[in-house]
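Down below is the structure, laid out as structure tokens.
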Protein chains: 2
Amino acid sequence: MYFMIDRVRKVAADHPDWKTKQPWKAILENDTAYLANLSDKEDDEICIRTQAGLTQEELTKLYGDFYKMAKHPRFHALFTDLTYNPMIQLLHLLESKGFRNYIVTGGSVEFVRSFSERTYGIPPEQVIGSHFQYIFTDSVNPSAVRLSPTNFTVVVKEEKPENIALVIGKRPVIAVGNSNGDLQMLEYTDDRIGPSLQILIHHDDAKREYAYDDGAVQALQVAAKRKWTVVSMKNDFKIIFH
Amino acid sequence: MYFMIDRVRKVAADHPDWKTKQPWKAILENDTAYLANLSDKEDDEICIRTQAGLTQEELTKLYGDFYKMAKHPRFHALFTDLTYNPMIQLLHLLESKGFRNYIVTGGSVEFVRSFSERTYGIPPEQVIGSHFQYIFTDSVNPSAVRLSPTNFTVVVKEEKPENIALVIGKRPVIAVGNSNGDLQMLEYTDDRIGPSLQILIHHDDAKREYAYDDGAVQALQVAAKRKWTVVSMKNDFKIIFH
């Protein structure tokens with residue numbers, strides 16, 4: 001969302017009507033009350049307007065440029081420095097043991113790919129995420145894969161194991177999540193033949209990060225029932241940020 | 001196709017009507033004339049009937065079992081021993097130089113994944129191919145990703161670079177193909193910023209393999225125009241099969 005707000009402001013000069021038209025007006029005037037209650041339709045419109053039609057390379061570059069500069073308003077640090085220290089430690093440990101680490105995210109795949117290698121040591125081909133439909137065209141030179149203005153696929157809930165099956169072709173051995181959107185991926189991993197590990201991160205540290213159960217209630221219930229490892233950020237994370 | 005014919009015969013006892021109903025009758029009676037001219041609809045029906053509803057694991061296992069036994073009718077060798085020797089050499093060379101090799105195939109992704117690691121040293125997560133839609137369900141135990149009886153996605157032509165963008169997230173440095181179905185992938189690689197290599201394999205050896213330009217005419221034309229490397233199997237392959 002921060003990226004999309006930045007993009008809208010950068011191209012606003014070409015769209016004089018945005019000054020009086022929602023949701024653009026709210027973005028240009030930083031109307032946080034309005035932005036906190038965007039409809040799904042407005043969300044989609046902003047997403048399409050700021051990304052569709054670009055080539056995959058252009059979008060990845062825009063994200064990369066944004067994340068070299070952009071700071072989090074509460075923590076006053078670069079977004080890319082706000083990675084969880086224990087997550088980085090776990091990724092490095094697993095990699096050293098021969099695991100191949102993937103990020104499976106509801107976020108835009110280009111967004112996460114733009115910093116995943118630098119930040120997590122995870123190359124673009126090990127990121128699975130939400131995405132526009134890709135359209136290859138060689139009718140303009142050079143040929144390129146462009147993002148279609150329609151058919152945005154969101155990779156959450158059932159779509160996480162479905163896209164793991166598509167891209168990886170086998171069940172993960174270990175899955176780590178933090179919300180209901182990860183529940184099906186955790187079940188899919190749990191039901192693997194052979195050993196497996198499921199970890200659910202609980203955001204319960206209002207002081208150092210955030211505390212909320214919203215969007216994780218069902219995952220916490222299933223975790224208790226299936227005896228998954230629930231990690232309290234408050235009690236189990238010695239250091240939060242990298 | 002050999003796999004699907006084998007599957008139909010194995011489950012025919014449960015479908016007595018197949019004895020008199022096409023295309024099943026032709027499969028059971030080995031009516032090669034009929035099978036050579038299947039309609040797209042019949043092709044789809046066979047594909048759906050022999051694969052849809054299975055879990056991804058079940059289908060991969062069925063393919064694996066088939067390819068441990070099945071022999072090619074002309075060469076009287078296991079299908080999995082009929083890999084191209086120079087292809088294996090190139091894959092090993094590239095891997096030793098730090099490249100990550102992918103197979104991007106119009107064939108079924110589960111089909112190729114069932115032997116790619118053993119045969120080519122390419123693990124399942126480095127195979128991109130045609131596939132049914134995947135449907136995750138946890139309403140039966142254990143939870144699994146099953147193949148939907150609808151929405152078979154064929155990965156050829158434009159869909160090759162589109163799926164490379166989706167799965168890998170960047171342009172390949174080297175692409176090797178042998179048909180019009182590879183043309184767009186070769187263009188996409190050629191139009192990469194920086195060095196790249198395109199190879200088109202020409203099946204022109206009727207004696208040791210096959211000779212045909214059918215389905216490759218356009219690719220051969222573009223290869224000449226774009227100065228891609230065209231490899232003659234007759235003149236450039238010292239050994240054909242592994």
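Chain identifiers are assigned as A, B, and so on, following the order in which chains appear in the structure tokens; residues are numbered from 1 within each chain, and ligands are numbered from 1 in order of appearance.
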Can you list, as JSON, numbers by chain, every residue of stretch 65-166 of chain A that DSSP puts in helix (DSSP H, G or I)? {"A": [65, 66, 67, 68, 69, 79, 80, 81, 85, 86, 87, 88, 89, 90, 91, 92, 93, 94, 95, 96, 109, 110, 111, 112, 113, 114, 115, 116, 117, 118, 119, 120, 124, 125, 126, 159, 160, 161, 162, 163, 164, 165, 166]}
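Excluding B:Arg49 itself and same-chain residues fewer than 6 positions from it, the residues having an atom within 12 Å of it are Met4, Ile5, Arg7, Val8, Arg9, Val11, Ala12, His15, Pro23, Trp24, Glu42, Asp43, Leu147, Ser148, Pro149 and Thr150 of chain B, counting only C-alpha atoms.
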Residues of chain B within 10 Å of chain A, counting only C-alpha atoms, as a tab-separated table (two decimals) with N, CA, C and O atoms, in the first residue's frame:
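Here's the written file part.tsv:
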```
chain	number	residue	atom	x	y	z
B	56	GLN	N	-2.06	-34.80	-6.55
B	56	GLN	CA	-0.81	-34.62	-7.29
B	56	GLN	C	0.15	-35.77	-7.02
B	56	GLN	O	0.81	-36.27	-7.94
B	57	GLU	N	0.20	-36.24	-5.77
B	57	GLU	CA	1.10	-37.35	-5.41
B	57	GLU	C	0.71	-38.64	-6.15
B	57	GLU	O	1.57	-39.38	-6.61
B	60	THR	N	1.70	-38.41	-9.88
B	60	THR	CA	3.15	-38.51	-10.06
B	60	THR	C	3.61	-39.96	-9.87
B	60	THR	O	4.46	-40.45	-10.61
B	109	VAL	N	3.07	-31.52	-16.38
B	109	VAL	CA	4.14	-31.23	-15.42
B	109	VAL	C	4.39	-32.44	-14.51
B	109	VAL	O	5.54	-32.75	-14.18
B	110	GLU	N	3.34	-33.17	-14.13
B	110	GLU	CA	3.53	-34.35	-13.28
B	110	GLU	C	4.26	-35.46	-14.05
B	110	GLU	O	5.08	-36.18	-13.47
B	113	ARG	N	7.89	-34.36	-14.14
B	113	ARG	CA	8.47	-34.40	-12.79
B	113	ARG	C	8.72	-35.83	-12.31
B	113	ARG	O	9.60	-36.05	-11.46
B	123	PRO	N	15.25	-31.29	-10.37
B	123	PRO	CA	14.23	-31.59	-9.35
B	123	PRO	C	12.86	-31.04	-9.75
B	123	PRO	O	12.77	-30.17	-10.63
B	124	PRO	N	11.79	-31.54	-9.12
B	124	PRO	CA	10.41	-31.17	-9.51
B	124	PRO	C	10.17	-29.66	-9.54
B	124	PRO	O	9.40	-29.19	-10.38
B	125	GLU	N	10.80	-28.91	-8.64
B	125	GLU	CA	10.56	-27.46	-8.59
B	125	GLU	C	11.21	-26.72	-9.75
B	125	GLU	O	11.03	-25.52	-9.90
B	126	GLN	N	11.98	-27.43	-10.59
B	126	GLN	CA	12.55	-26.82	-11.78
B	126	GLN	C	11.91	-27.37	-13.07
B	126	GLN	O	12.52	-27.35	-14.13
B	127	VAL	N	10.67	-27.84	-12.92
B	127	VAL	CA	9.89	-28.26	-14.09
B	127	VAL	C	8.63	-27.40	-14.17
B	127	VAL	O	7.88	-27.30	-13.21
B	128	ILE	N	8.43	-26.77	-15.30
B	128	ILE	CA	7.24	-25.97	-15.59
B	128	ILE	C	6.53	-26.67	-16.74
B	128	ILE	O	7.18	-26.98	-17.74
B	129	GLY	N	5.23	-26.94	-16.61
B	129	GLY	CA	4.57	-27.66	-17.69
B	129	GLY	C	3.06	-27.51	-17.67
B	129	GLY	O	2.49	-26.83	-16.80
B	130	SER	N	2.41	-28.14	-18.61
B	130	SER	CA	0.96	-28.11	-18.70
B	130	SER	C	0.36	-28.81	-17.48
B	130	SER	O	0.95	-29.73	-16.93
B	131	HIS	N	-0.80	-28.35	-17.07
B	131	HIS	CA	-1.35	-28.89	-15.82
B	131	HIS	C	-2.85	-28.63	-15.71
B	131	HIS	O	-3.36	-27.65	-16.25
B	132	PHE	N	-3.51	-29.50	-14.97
B	132	PHE	CA	-4.88	-29.24	-14.54
B	132	PHE	C	-4.85	-28.14	-13.48
B	132	PHE	O	-3.81	-27.88	-12.86
B	133	GLN	N	-6.01	-27.52	-13.27
B	133	GLN	CA	-6.12	-26.62	-12.12
B	133	GLN	C	-5.99	-27.45	-10.85
B	133	GLN	O	-6.51	-28.57	-10.78
B	134	TYR	N	-5.29	-26.92	-9.87
B	134	TYR	CA	-5.12	-27.62	-8.59
B	134	TYR	C	-6.15	-27.11	-7.60
B	134	TYR	O	-6.36	-25.91	-7.46
B	135	ILE	N	-6.79	-28.04	-6.90
B	135	ILE	CA	-7.79	-27.69	-5.90
B	135	ILE	C	-7.38	-28.30	-4.56
B	135	ILE	O	-7.32	-29.53	-4.44
B	136	PHE	N	-7.09	-27.42	-3.60
B	136	PHE	CA	-6.77	-27.90	-2.25
B	136	PHE	C	-8.06	-28.17	-1.51
B	136	PHE	O	-8.99	-27.37	-1.54
B	137	THR	N	-8.10	-29.32	-0.82
B	137	THR	CA	-9.25	-29.56	0.04
B	137	THR	C	-8.80	-30.20	1.35
B	137	THR	O	-7.94	-31.09	1.36
B	138	ASP	N	-9.36	-29.71	2.45
B	138	ASP	CA	-9.11	-30.34	3.75
B	138	ASP	C	-10.40	-30.93	4.31
B	138	ASP	O	-10.49	-31.28	5.48
B	141	ASN	N	-9.67	-36.31	4.89
B	141	ASN	CA	-8.38	-36.48	5.54
B	141	ASN	C	-7.56	-37.52	4.80
B	141	ASN	O	-8.09	-38.58	4.48
B	142	PRO	N	-6.28	-37.34	4.55
B	142	PRO	CA	-5.51	-36.13	4.80
B	142	PRO	C	-5.82	-35.06	3.75
B	142	PRO	O	-6.26	-35.38	2.64
B	143	SER	N	-5.58	-33.81	4.11
B	143	SER	CA	-5.73	-32.72	3.15
B	143	SER	C	-4.81	-32.96	1.96
B	143	SER	O	-3.75	-33.58	2.11
B	144	ALA	N	-5.23	-32.52	0.79
B	144	ALA	CA	-4.41	-32.77	-0.41
B	144	ALA	C	-4.76	-31.77	-1.50
B	144	ALA	O	-5.81	-31.13	-1.47
B	145	VAL	N	-3.86	-31.67	-2.45
B	145	VAL	CA	-4.11	-30.90	-3.66
B	145	VAL	C	-4.51	-31.90	-4.74
B	145	VAL	O	-3.76	-32.82	-5.05
B	146	ARG	N	-5.73	-31.74	-5.26
B	146	ARG	CA	-6.26	-32.64	-6.28
B	146	ARG	C	-6.35	-31.94	-7.63
B	146	ARG	O	-6.45	-30.72	-7.71
B	147	LEU	N	-6.34	-32.75	-8.69
B	147	LEU	CA	-6.44	-32.20	-10.04
B	147	LEU	C	-7.90	-32.04	-10.42
B	147	LEU	O	-8.68	-32.99	-10.37
B	157	LYS	N	3.97	-22.06	-26.61
B	157	LYS	CA	4.02	-20.75	-27.27
B	157	LYS	C	4.11	-19.62	-26.23
B	157	LYS	O	5.00	-19.64	-25.40
B	158	GLU	N	3.16	-18.67	-26.27
B	158	GLU	CA	3.19	-17.52	-25.35
B	158	GLU	C	3.21	-17.97	-23.89
B	158	GLU	O	3.77	-17.29	-23.02
B	159	GLU	N	2.56	-19.10	-23.61
B	159	GLU	CA	2.48	-19.53	-22.20
B	159	GLU	C	3.83	-19.95	-21.65
B	159	GLU	O	4.00	-20.04	-20.43
B	160	LYS	N	4.80	-20.22	-22.51
B	160	LYS	CA	6.13	-20.57	-21.98
B	160	LYS	C	6.77	-19.36	-21.30
B	160	LYS	O	7.07	-19.42	-20.11
B	161	PRO	N	6.97	-18.21	-22.01
B	161	PRO	CA	7.51	-17.05	-21.26
B	161	PRO	C	6.59	-16.58	-20.14
B	161	PRO	O	7.08	-16.14	-19.10
B	162	GLU	N	5.29	-16.68	-20.33
B	162	GLU	CA	4.37	-16.24	-19.26
B	162	GLU	C	4.57	-17.06	-18.00
B	162	GLU	O	4.59	-16.51	-16.88
B	163	ASN	N	4.74	-18.36	-18.15
B	163	ASN	CA	4.95	-19.20	-16.97
B	163	ASN	C	6.37	-19.09	-16.42
B	163	ASN	O	6.58	-19.29	-15.22
B	164	ILE	N	7.32	-18.76	-17.28
B	164	ILE	CA	8.68	-18.47	-16.78
B	164	ILE	C	8.63	-17.22	-15.90
B	164	ILE	O	9.22	-17.17	-14.82
B	165	ALA	N	7.90	-16.20	-16.36
B	165	ALA	CA	7.75	-14.96	-15.57
B	165	ALA	C	7.09	-15.26	-14.23
B	165	ALA	O	7.51	-14.75	-13.18
B	166	LEU	N	6.07	-16.12	-14.26
B	166	LEU	CA	5.34	-16.45	-13.04
B	166	LEU	C	6.21	-17.23	-12.07
B	166	LEU	O	6.28	-16.90	-10.88
B	167	VAL	N	6.90	-18.25	-12.56
B	167	VAL	CA	7.58	-19.19	-11.67
B	167	VAL	C	9.01	-18.74	-11.36
B	167	VAL	O	9.45	-18.81	-10.21
B	168	ILE	N	9.73	-18.27	-12.38
B	168	ILE	CA	11.15	-17.93	-12.18
B	168	ILE	C	11.32	-16.43	-11.90
B	168	ILE	O	12.17	-16.03	-11.13
B	169	GLY	N	10.52	-15.61	-12.56
B	169	GLY	CA	10.55	-14.17	-12.29
B	169	GLY	C	11.66	-13.41	-12.97
B	169	GLY	O	11.90	-12.25	-12.67
B	170	LYS	N	12.36	-14.05	-13.86
B	170	LYS	CA	13.34	-13.33	-14.69
B	170	LYS	C	13.57	-14.07	-16.01
B	170	LYS	O	13.22	-15.24	-16.13
B	171	ARG	N	14.17	-13.34	-16.97
B	171	ARG	CA	14.40	-13.96	-18.28
B	171	ARG	C	15.54	-14.97	-18.19
B	171	ARG	O	16.55	-14.71	-17.56
B	184	GLN	N	8.40	-18.41	-28.75
B	184	GLN	CA	8.24	-17.25	-27.88
B	184	GLN	C	9.24	-17.27	-26.73
B	184	GLN	O	9.75	-16.23	-26.32
B	185	MET	N	9.53	-18.45	-26.21
B	185	MET	CA	10.53	-18.57	-25.14
B	185	MET	C	11.92	-18.18	-25.65
B	185	MET	O	12.70	-17.52	-24.95
B	187	GLU	N	12.51	-16.11	-28.22
B	187	GLU	CA	12.48	-14.64	-28.41
B	187	GLU	C	12.67	-13.91	-27.07
B	187	GLU	O	13.42	-12.94	-26.98
B	188	TYR	N	11.94	-14.37	-26.07
B	188	TYR	CA	11.99	-13.75	-24.73
B	188	TYR	C	13.42	-13.77	-24.18
B	188	TYR	O	13.89	-12.80	-23.58
B	189	THR	N	14.11	-14.88	-24.42
B	189	THR	CA	15.50	-15.01	-23.97
B	189	THR	C	16.42	-14.13	-24.80
B	189	THR	O	17.31	-13.45	-24.26
B	190	ASP	N	16.19	-14.12	-26.11
B	190	ASP	CA	17.00	-13.32	-27.02
B	190	ASP	C	16.90	-11.83	-26.67
B	190	ASP	O	17.89	-11.09	-26.78
B	191	ASP	N	15.74	-11.37	-26.23
B	191	ASP	CA	15.53	-9.95	-25.96
B	191	ASP	C	15.91	-9.55	-24.53
B	191	ASP	O	15.59	-8.46	-24.07
B	192	ARG	N	16.57	-10.43	-23.87
B	192	ARG	CA	17.14	-10.12	-22.55
B	192	ARG	C	18.19	-9.02	-22.68
B	192	ARG	O	18.91	-8.96	-23.66
B	193	ILE	N	18.31	-8.17	-21.68
B	193	ILE	CA	19.41	-7.20	-21.64
B	193	ILE	C	20.64	-7.95	-21.16
B	193	ILE	O	20.62	-8.53	-20.08
```
Per-residue DSSP, stretch 18-228 of chain A, filtered to strand (DSSP E), as a list in words: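 Reading the DSSP output for stretch 18-228 of chain A, strand (DSSP E) covers Ile103, Val104, Thr105, Gly106, Gly107, Ser108, Val127, Ile128, Gly129, Ser130, Tyr134, Ile135, Phe136, Thr137, Ala144, Val145, Arg146, Leu147, Ile174, Ala175, Val176, Gly177, Leu197, Gln198, Ile199, Leu200, Ile201 and His202 of chain A.
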Those residues with N, CA and C atoms, as a compact mmCIF listing (two decimals), in the first residue's frame please?
```txt
# COMPACT_ATOMS: atom_id res chain seq x y z
N ILE A 103 9.44 -18.28 -0.07
CA ILE A 103 8.45 -17.38 0.50
C ILE A 103 7.16 -17.60 -0.28
N VAL A 104 6.05 -17.86 0.42
CA VAL A 104 4.74 -18.01 -0.22
C VAL A 104 3.85 -16.93 0.40
N THR A 105 3.57 -15.89 -0.36
CA THR A 105 3.02 -14.67 0.20
C THR A 105 1.74 -14.21 -0.47
N GLY A 106 0.85 -13.64 0.31
CA GLY A 106 -0.32 -12.96 -0.27
C GLY A 106 0.05 -11.65 -0.93
N GLY A 107 1.25 -11.15 -0.63
CA GLY A 107 1.72 -9.91 -1.25
C GLY A 107 2.06 -10.13 -2.72
N SER A 108 2.28 -9.04 -3.41
CA SER A 108 2.62 -9.12 -4.84
C SER A 108 3.96 -9.83 -5.02
N VAL A 127 10.18 -17.37 -4.79
CA VAL A 127 9.09 -16.55 -4.25
C VAL A 127 7.81 -16.86 -5.03
N ILE A 128 6.77 -17.23 -4.30
CA ILE A 128 5.45 -17.50 -4.86
C ILE A 128 4.52 -16.45 -4.26
N GLY A 129 3.76 -15.73 -5.09
CA GLY A 129 2.91 -14.70 -4.51
C GLY A 129 1.78 -14.28 -5.42
N SER A 130 0.99 -13.34 -4.96
CA SER A 130 -0.13 -12.82 -5.74
C SER A 130 0.40 -12.12 -6.98
N TYR A 134 0.01 -12.71 -16.62
CA TYR A 134 1.12 -12.29 -17.46
C TYR A 134 0.77 -12.50 -18.92
N ILE A 135 1.06 -11.50 -19.73
CA ILE A 135 0.78 -11.59 -21.16
C ILE A 135 2.09 -11.35 -21.91
N PHE A 136 2.53 -12.37 -22.64
CA PHE A 136 3.72 -12.22 -23.48
C PHE A 136 3.32 -11.59 -24.79
N THR A 137 4.09 -10.61 -25.25
CA THR A 137 3.85 -10.06 -26.58
C THR A 137 5.18 -9.80 -27.27
N ALA A 144 8.30 -8.90 -24.47
CA ALA A 144 8.29 -8.82 -23.01
C ALA A 144 7.04 -9.47 -22.45
N VAL A 145 7.11 -9.78 -21.17
CA VAL A 145 5.94 -10.24 -20.43
C VAL A 145 5.39 -9.04 -19.66
N ARG A 146 4.13 -8.68 -19.99
CA ARG A 146 3.49 -7.52 -19.35
C ARG A 146 2.39 -7.97 -18.41
N LEU A 147 2.07 -7.11 -17.45
CA LEU A 147 1.01 -7.39 -16.48
C LEU A 147 -0.33 -6.97 -17.05
N ILE A 174 8.64 -28.14 6.13
CA ILE A 174 8.46 -27.17 7.21
C ILE A 174 7.65 -26.00 6.66
N ALA A 175 6.66 -25.54 7.43
CA ALA A 175 5.93 -24.33 7.03
C ALA A 175 5.81 -23.40 8.23
N VAL A 176 6.00 -22.12 7.97
CA VAL A 176 5.88 -21.11 9.02
C VAL A 176 4.89 -20.07 8.54
N GLY A 177 3.92 -19.72 9.40
CA GLY A 177 2.92 -18.71 9.02
C GLY A 177 2.57 -17.84 10.20
N LEU A 197 7.21 -30.06 10.22
CA LEU A 197 7.18 -29.08 11.31
C LEU A 197 6.30 -27.89 10.90
N GLN A 198 5.40 -27.48 11.81
CA GLN A 198 4.52 -26.33 11.56
C GLN A 198 4.75 -25.30 12.67
N ILE A 199 5.00 -24.07 12.27
CA ILE A 199 5.21 -22.99 13.24
C ILE A 199 4.23 -21.87 12.95
N LEU A 200 3.53 -21.41 13.99
CA LEU A 200 2.64 -20.25 13.83
C LEU A 200 3.17 -19.12 14.71
N ILE A 201 3.52 -18.01 14.07
CA ILE A 201 4.02 -16.84 14.80
C ILE A 201 2.83 -16.05 15.34
N HIS A 202 2.86 -15.75 16.63
CA HIS A 202 1.78 -15.00 17.27
C HIS A 202 2.26 -13.56 17.54
```
Give me the residues within 12 Å of A:Lys61 as a ChimeraX atom specification, counting only C-alpha atoms and dropping any in the same chain fewer than 2 places off. /A:51,54-59,63-68,110-115 /B:170
Give me, as JSON lines, each residue of stretch 77-186 of chain A that comes within 7 Å of stretch 214-217 of chain A, together with its shortest interatomic pair and the distance in Å at one decimal, counting only C-alpha atoms, with rows ordered by chain and rising residue number.
```
{"residue": "A:Asn178", "atom": "CA", "partner": "A:Ala216", "partner_atom": "CA", "distance": 6.9}
{"residue": "A:Ser179", "atom": "CA", "partner": "A:Ala216", "partner_atom": "CA", "distance": 4.3}
{"residue": "A:Asn180", "atom": "CA", "partner": "A:Ala216", "partner_atom": "CA", "distance": 4.9}
```
Resulting file, chosen residues, C-alpha atoms, as a CSV table (one decimal), in the first residue's frame:
```csv
chain,number,residue,atom,x,y,z
A,178,ASN,CA,1.3,-16.0,11.1
A,179,SER,CA,-2.4,-15.8,9.9
A,180,ASN,CA,-5.5,-17.6,8.7
```
